[in-house]
Amino acid sequence: MRTLYFLLPGTRERYACGGLWAELKAFQLAQQVTTAAVVTYQQREPDTLFLPDLLQTLARSPDDRDRSIFVLSWGFHVPQLAQRLRGYHCLYHAHSAGYGFRLPPSVPIISVSRNTLGYWGQRSPHALLYYLPNEISPDFCDRQQPRDLDVLVQARKSSTYLLQQLVPALESQGRVEVVRSYVEDLPALFNRAKVYLYDSAEYWAMQRVTEGFGLQPLEALACGCQVFSSVNGGLSDYLDPGFNSQKIAGYATGFDVARIGAAMRSPQPPLDPALLAPHRPAAIVQRLRVILREVNQFFDYCQGDRSSDLPPWSRRRLALLWCQQKAQKLRDRLF
């Protein structure tokens with residue numbers, strides 16, 4: 001298989017976020033299937049490849065160039081990187097959707113959620129599309145210990161409703177912990193909480209892109225928390241309100257308070273193991289092995305200077321097809 005180069009702007013504090021951690025986990029899992037390396041492109045870092053240096057090296061070795069695949073993932077940077085890497089094998093590891101760019105059919109797309117997969121199925125219908133869910137580490141599990149926190153909230157990405165209305169209303173019901181900084185041991189924190197609240201719909205609406213996957217509600221479920229969450233974007237892949245979770249911001253603050261209060265006093269029903277199984281490392285590696293085998297076969301085909309002969313869905317073409325359809329319907333009526 002070809003070598004995978006995971007492109008990231010950087011891996012240090014400036015770029016620390018859920019997307020970075022998810023991509024680094026994907027990189028580590030890919031190392032179990034093929035040779036892989038992290039490559040930064042906005043800042044040099046010790047012991048890490050830097051994109052301008054790597055491109056110079058590959059330019060001197062056509063064979064190494066053909067045996068390489070660049071993995072794009074940082075949504076806002078993808079169009080510029082795809083243009084910069086024209087002539088190289090690239091694939092897009094898609095997290096959030098809605099950035100507005102398009103990709104040529106020569107770029108396969110691996111989506112972390114079915115929600116994002118559907119987006120690219122409509123936007124890039126002639127590209128190879130695959131689904132590869134994000135990893136939930138085995139560290140996220142129910143330790144069957146006493147829980148001293150009634151309600152847990154992480155401030156980042158939380159809505160103003162959650163922080164300014166719901167949390168104050170819940171503070172009279174029990175112990176509410178709002179975390180506003182990085183947590184070193186998140187599984188331990190989830191195992192202290194009875195209820196976990198997550199409401200990211202407002203945040204992603206302001207960003208004008210979607211929630212790509214939403215790891216934390218699933219991690220909280222794995223640790224035995226009862227989860228009240230928004231169900232936007234990739235969260236809809238696995239959250240099933242009324243069965244494994246509850247929808248937050250349900251009509252009125254008082255209604256939320258009543259439901260969450262009842263959950264504090266009730267034990268969490270057993271979680272169906274099938275919910276977590278696709279997100280555990282072994283299952284992801286198995287899927288990734290199949291996906292990369294097909295992607296490599298596709299790039300073998302492309303090396304024969306074969307270009308796509310499928311017509312693109314341009315506005316002009318769709319307008320023409322619409323006119324042809326209407327004209328045909330009119331002819332059918334008249335004749």
# chains A, B, ... in the order shown; residues from 1 in each chain; ligands from 1
call {"tool": "residues_around", "arguments": {"residues": "Ala201 of chain A", "least_positions_apart": "2", "cutoff": "9 Å", "atoms": "only C-alpha atoms", "output": "CSV table (one decimal) with N, CA and C atoms, in the first residue's frame"}}
result
chain,number,residue,atom,x,y,z
A,157,LYS,N,-18.3,25.0,23.2
A,157,LYS,CA,-19.3,24.7,22.2
A,157,LYS,C,-20.7,24.7,22.8
A,158,SER,N,-20.9,24.9,24.1
A,158,SER,CA,-22.2,24.9,24.7
A,158,SER,C,-23.0,26.1,24.3
A,159,SER,N,-24.3,26.0,24.2
A,159,SER,CA,-25.2,27.1,23.8
A,159,SER,C,-25.3,28.1,24.9
A,199,ASP,N,-24.9,20.7,24.1
A,199,ASP,CA,-25.8,21.4,23.2
A,199,ASP,C,-24.9,22.2,22.2
A,203,TYR,N,-23.5,26.6,18.4
A,203,TYR,CA,-22.1,26.9,18.0
A,203,TYR,C,-21.9,26.6,16.6
A,204,TRP,N,-22.3,25.5,16.1
A,204,TRP,CA,-22.0,25.1,14.7
A,204,TRP,C,-22.8,25.9,13.7
A,205,ALA,N,-24.0,26.4,14.1
A,205,ALA,CA,-24.8,27.3,13.2
A,205,ALA,C,-24.0,28.6,13.1
A,206,MET,N,-23.3,29.1,14.1
A,206,MET,CA,-22.5,30.3,14.0
A,206,MET,C,-21.3,30.1,13.2
A,210,THR,N,-21.2,22.0,9.9
A,210,THR,CA,-21.9,21.1,10.8
A,210,THR,C,-21.1,20.5,11.9
A,211,GLU,N,-21.7,19.9,12.9
A,211,GLU,CA,-21.0,19.0,13.8
A,211,GLU,C,-20.6,17.8,13.1
A,230,SER,N,-28.1,18.0,22.0
A,230,SER,CA,-28.7,18.3,20.7
A,230,SER,C,-28.4,17.2,19.7
A,231,VAL,N,-29.2,17.2,18.6
A,231,VAL,CA,-29.1,16.0,17.7
A,231,VAL,C,-28.8,16.6,16.3
A,232,ASN,N,-27.8,17.5,16.2
A,232,ASN,CA,-27.4,18.1,15.0
A,232,ASN,C,-26.3,17.4,14.3
A,233,GLY,N,-26.2,17.5,13.0
A,233,GLY,CA,-25.0,17.0,12.3
A,233,GLY,C,-24.7,15.5,12.6
call {"tool": "closest_atom_pairs", "arguments": {"of": "segment 211-257 of chain A", "to": "segment 100-111 of chain A", "cutoff": "12 Å", "atoms": "only C-alpha atoms", "output": "CSV"}}
result
residue,atom,partner,partner_atom,distance
A:Gly212,CA,A:Ser111,CA,8.8
A:Phe213,CA,A:Ser111,CA,9.5
A:Gly234,CA,A:Ser111,CA,10.1
A:Asp237,CA,A:Ser111,CA,11.9
call {"tool": "write_last_selection", "arguments": {"atoms": "N, CA, C and O atoms", "output": "tab-separated table (two decimals), in the first residue's frame"}}
result
chain	number	residue	atom	x	y	z
A	212	GLY	N	-19.25	17.56	12.95
A	212	GLY	CA	-18.76	16.46	12.15
A	212	GLY	C	-19.10	15.10	12.73
A	212	GLY	O	-19.57	14.20	12.01
A	213	PHE	N	-18.88	14.93	14.02
A	213	PHE	CA	-19.16	13.64	14.66
A	213	PHE	C	-19.72	13.86	16.07
A	213	PHE	O	-20.75	13.34	16.41
A	234	GLY	N	-23.46	15.22	12.81
A	234	GLY	CA	-23.02	13.86	13.03
A	234	GLY	C	-23.57	13.22	14.30
A	234	GLY	O	-23.53	11.98	14.43
A	237	ASP	N	-26.02	10.41	13.93
A	237	ASP	CA	-25.57	9.06	13.57
A	237	ASP	C	-25.88	8.05	14.66
A	237	ASP	O	-26.24	6.91	14.38
call {"tool": "residues_around", "arguments": {"residues": "Phe299 of chain A", "least_positions_apart": "4", "cutoff": "8 Å", "atoms": "only C-alpha atoms", "output": "number ranges by chain"}}
result
A: 89, 295, 303
call {"tool": "write_last_selection", "arguments": {"atoms": "all heavy atoms", "output": "short mmCIF file (atom, residue, chain, number, x, y, z; two decimals), in the first residue's frame"}}
result
data_model
loop_
_atom_site.label_atom_id
_atom_site.label_comp_id
_atom_site.auth_asym_id
_atom_site.auth_seq_id
_atom_site.Cartn_x
_atom_site.Cartn_y
_atom_site.Cartn_z
N HIS A 89 -1.53 12.12 -5.45
CA HIS A 89 -2.68 11.37 -4.96
C HIS A 89 -3.15 11.99 -3.64
O HIS A 89 -2.35 12.11 -2.70
CB HIS A 89 -2.33 9.91 -4.74
CG HIS A 89 -1.83 9.21 -5.98
ND1 HIS A 89 -2.49 9.29 -7.18
CD2 HIS A 89 -0.74 8.42 -6.19
CE1 HIS A 89 -1.84 8.58 -8.08
NE2 HIS A 89 -0.78 8.06 -7.51
N VAL A 295 -8.86 2.26 -2.25
CA VAL A 295 -8.27 3.55 -2.65
C VAL A 295 -6.98 3.33 -3.42
O VAL A 295 -6.71 4.00 -4.43
CB VAL A 295 -8.05 4.44 -1.41
CG1 VAL A 295 -7.16 5.63 -1.75
CG2 VAL A 295 -9.39 4.93 -0.86
N GLN A 303 -3.22 6.11 -12.50
CA GLN A 303 -1.85 6.32 -12.99
C GLN A 303 -1.73 6.05 -14.48
O GLN A 303 -0.75 6.45 -15.09
CB GLN A 303 -0.87 5.42 -12.22
CG GLN A 303 -0.49 6.00 -10.88
CD GLN A 303 0.57 5.17 -10.17
OE1 GLN A 303 0.68 5.24 -8.95
NE2 GLN A 303 1.35 4.41 -10.88
#
call {"tool": "closest_residue", "arguments": {"among": "A:Val176, A:Leu221, A:Leu4, A:Cys17", "to": "Leu91 of chain A", "atoms": "only C-alpha atoms"}}
result
A:Leu4
call {"tool": "residues_around", "arguments": {"residues": "Val179 of chain A", "least_positions_apart": "3", "cutoff": "8 Å", "atoms": "only C-alpha atoms", "output": "PyMOL selection string"}}
result
chain A and resi 152-155
call {"tool": "closest_residue", "arguments": {"among": "A:Leu166, A:Leu186, A:Ala127, A:Ile69", "to": "Ala258 of chain A", "atoms": "only C-alpha atoms"}}
result
A:Leu166
call {"tool": "select_by_dssp", "arguments": {"residues": "segment 186-319 of chain A", "states": "alpha helix (DSSP H)", "output": "VMD selection string"}}
result
chain A and resid 186 to 190 201 to 207 215 to 222 253 to 265 273 to 276 281 to 302 315 to 319
call {"tool": "residues_around", "arguments": {"residues": "segment 44-52 of chain A", "least_positions_apart": "2", "cutoff": "10 Å", "atoms": "only C-alpha atoms", "output": "mmCIF file with N, CA, C and O atoms, in the first residue's frame"}}
result
data_model
loop_
_atom_site.group_PDB
_atom_site.id
_atom_site.type_symbol
_atom_site.label_atom_id
_atom_site.label_comp_id
_atom_site.auth_asym_id
_atom_site.auth_seq_id
_atom_site.Cartn_x
_atom_site.Cartn_y
_atom_site.Cartn_z
ATOM 1 N N TYR A 5 0.328 10.376 4.116
ATOM 2 C CA TYR A 5 0.842 11.578 4.770
ATOM 3 C C TYR A 5 -0.355 12.390 5.274
ATOM 4 O O TYR A 5 -1.116 12.952 4.485
ATOM 5 N N LEU A 7 -1.922 15.471 6.601
ATOM 6 C CA LEU A 7 -1.589 16.889 6.600
ATOM 7 C C LEU A 7 -2.339 17.617 7.715
ATOM 8 O O LEU A 7 -3.573 17.573 7.785
ATOM 9 N N LEU A 8 -1.591 18.295 8.571
ATOM 10 C CA LEU A 8 -2.149 19.090 9.653
ATOM 11 C C LEU A 8 -1.440 20.438 9.695
ATOM 12 O O LEU A 8 -0.237 20.507 9.424
ATOM 13 N N PRO A 9 -2.146 21.513 10.031
ATOM 14 C CA PRO A 9 -1.461 22.804 10.118
ATOM 15 C C PRO A 9 -0.383 22.807 11.191
ATOM 16 O O PRO A 9 0.651 23.464 11.053
ATOM 17 N N GLY A 10 -0.624 22.079 12.249
ATOM 18 C CA GLY A 10 0.326 21.919 13.351
ATOM 19 C C GLY A 10 -0.280 20.978 14.364
ATOM 20 O O GLY A 10 -1.464 20.623 14.268
ATOM 21 N N THR A 11 0.506 20.567 15.337
ATOM 22 C CA THR A 11 0.000 19.638 16.354
ATOM 23 C C THR A 11 0.154 20.191 17.763
ATOM 24 O O THR A 11 -0.099 19.474 18.723
ATOM 25 N N ARG A 12 0.560 21.454 17.887
ATOM 26 C CA ARG A 12 0.808 22.043 19.200
ATOM 27 C C ARG A 12 -0.424 22.815 19.698
ATOM 28 O O ARG A 12 -1.493 22.778 19.091
ATOM 29 N N ALA A 37 2.627 8.923 8.192
ATOM 30 C CA ALA A 37 3.379 9.963 8.886
ATOM 31 C C ALA A 37 2.537 11.227 8.956
ATOM 32 O O ALA A 37 1.690 11.482 8.084
ATOM 33 N N VAL A 38 2.760 12.016 9.992
ATOM 34 C CA VAL A 38 2.133 13.335 10.113
ATOM 35 C C VAL A 38 3.019 14.358 9.424
ATOM 36 O O VAL A 38 4.242 14.333 9.555
ATOM 37 N N VAL A 39 2.393 15.262 8.671
ATOM 38 C CA VAL A 39 3.102 16.332 7.972
ATOM 39 C C VAL A 39 2.422 17.648 8.325
ATOM 40 O O VAL A 39 1.212 17.791 8.127
ATOM 41 N N THR A 40 3.166 18.605 8.850
ATOM 42 C CA THR A 40 2.601 19.925 9.119
ATOM 43 C C THR A 40 2.852 20.844 7.934
ATOM 44 O O THR A 40 3.797 20.634 7.172
ATOM 45 N N TYR A 41 1.997 21.864 7.787
ATOM 46 C CA TYR A 41 2.166 22.763 6.641
ATOM 47 C C TYR A 41 2.101 24.245 7.007
ATOM 48 O O TYR A 41 2.355 25.092 6.172
ATOM 49 N N GLN A 42 1.785 24.570 8.272
ATOM 50 C CA GLN A 42 1.785 25.984 8.646
ATOM 51 C C GLN A 42 2.915 26.339 9.607
ATOM 52 O O GLN A 42 3.279 27.501 9.718
ATOM 53 N N LEU A 54 8.955 18.061 2.211
ATOM 54 C CA LEU A 54 8.532 16.770 1.678
ATOM 55 C C LEU A 54 8.287 16.863 0.172
ATOM 56 O O LEU A 54 8.660 15.958 -0.583
ATOM 57 N N LEU A 55 7.657 17.942 -0.276
ATOM 58 C CA LEU A 55 7.387 18.094 -1.713
ATOM 59 C C LEU A 55 8.682 18.181 -2.514
ATOM 60 O O LEU A 55 8.762 17.652 -3.635
ATOM 61 N N GLN A 56 9.689 18.824 -1.958
ATOM 62 C CA GLN A 56 10.979 18.877 -2.644
ATOM 63 C C GLN A 56 11.582 17.482 -2.762
ATOM 64 O O GLN A 56 12.141 17.115 -3.803
ATOM 65 N N THR A 57 11.463 16.691 -1.695
ATOM 66 C CA THR A 57 11.993 15.331 -1.706
ATOM 67 C C THR A 57 11.263 14.476 -2.734
ATOM 68 O O THR A 57 11.878 13.735 -3.516
#
call {"tool": "closest_atom_pairs", "arguments": {"of": "segment 267-310 of chain A", "to": "segment 134-147 of chain A", "cutoff": "9 Å", "atoms": "only C-alpha atoms", "output": "tab-separated table"}}
result
residue	atom	partner	partner_atom	distance
A:Leu276	CA	A:Ile136	CA	7.6
A:Pro278	CA	A:Glu135	CA	8.4
A:His279	CA	A:Glu135	CA	4.8
A:Arg280	CA	A:Ile136	CA	5.5
A:Pro281	CA	A:Glu135	CA	6.1
A:Ile284	CA	A:Glu135	CA	7.2
call {"tool": "select_by_dssp", "arguments": {"residues": "segment 27-133 of chain A", "states": "strand (DSSP E)", "output": "list of chain:residue names"}}
result
A:Ala36, A:Ala37, A:Val38, A:Val39, A:Thr40, A:Leu49, A:Phe50, A:Ser68, A:Ile69, A:Phe70, A:Val71, A:Leu72, A:Cys90, A:Leu91, A:Tyr92, A:His93, A:Ala94, A:Ile109, A:Ile110, A:Ser111, A:Leu129, A:Tyr130, A:Tyr131
call {"tool": "closest_residue", "arguments": {"among": "A:Thr160, A:Gln328, A:Thr3, A:Asn191", "to": "Asp148 of chain A", "atoms": "only C-alpha atoms"}}
result
A:Asn191
call {"tool": "closest_residue", "arguments": {"among": "A:Tyr130, A:Leu197, A:Asn296, A:Ser172", "to": "Thr116 of chain A", "atoms": "only C-alpha atoms"}}
result
A:Tyr130
call {"tool": "atom_distance", "arguments": {"atom1": "atom CA of Leu310 of chain A", "atom2": "atom CA of Trp322 of chain A"}}
result
18.2 Å
call {"tool": "atom_distance", "arguments": {"atom1": "atom CA of His93 of chain A", "atom2": "atom CA of Val78 of chain A"}}
result
10.0 Å
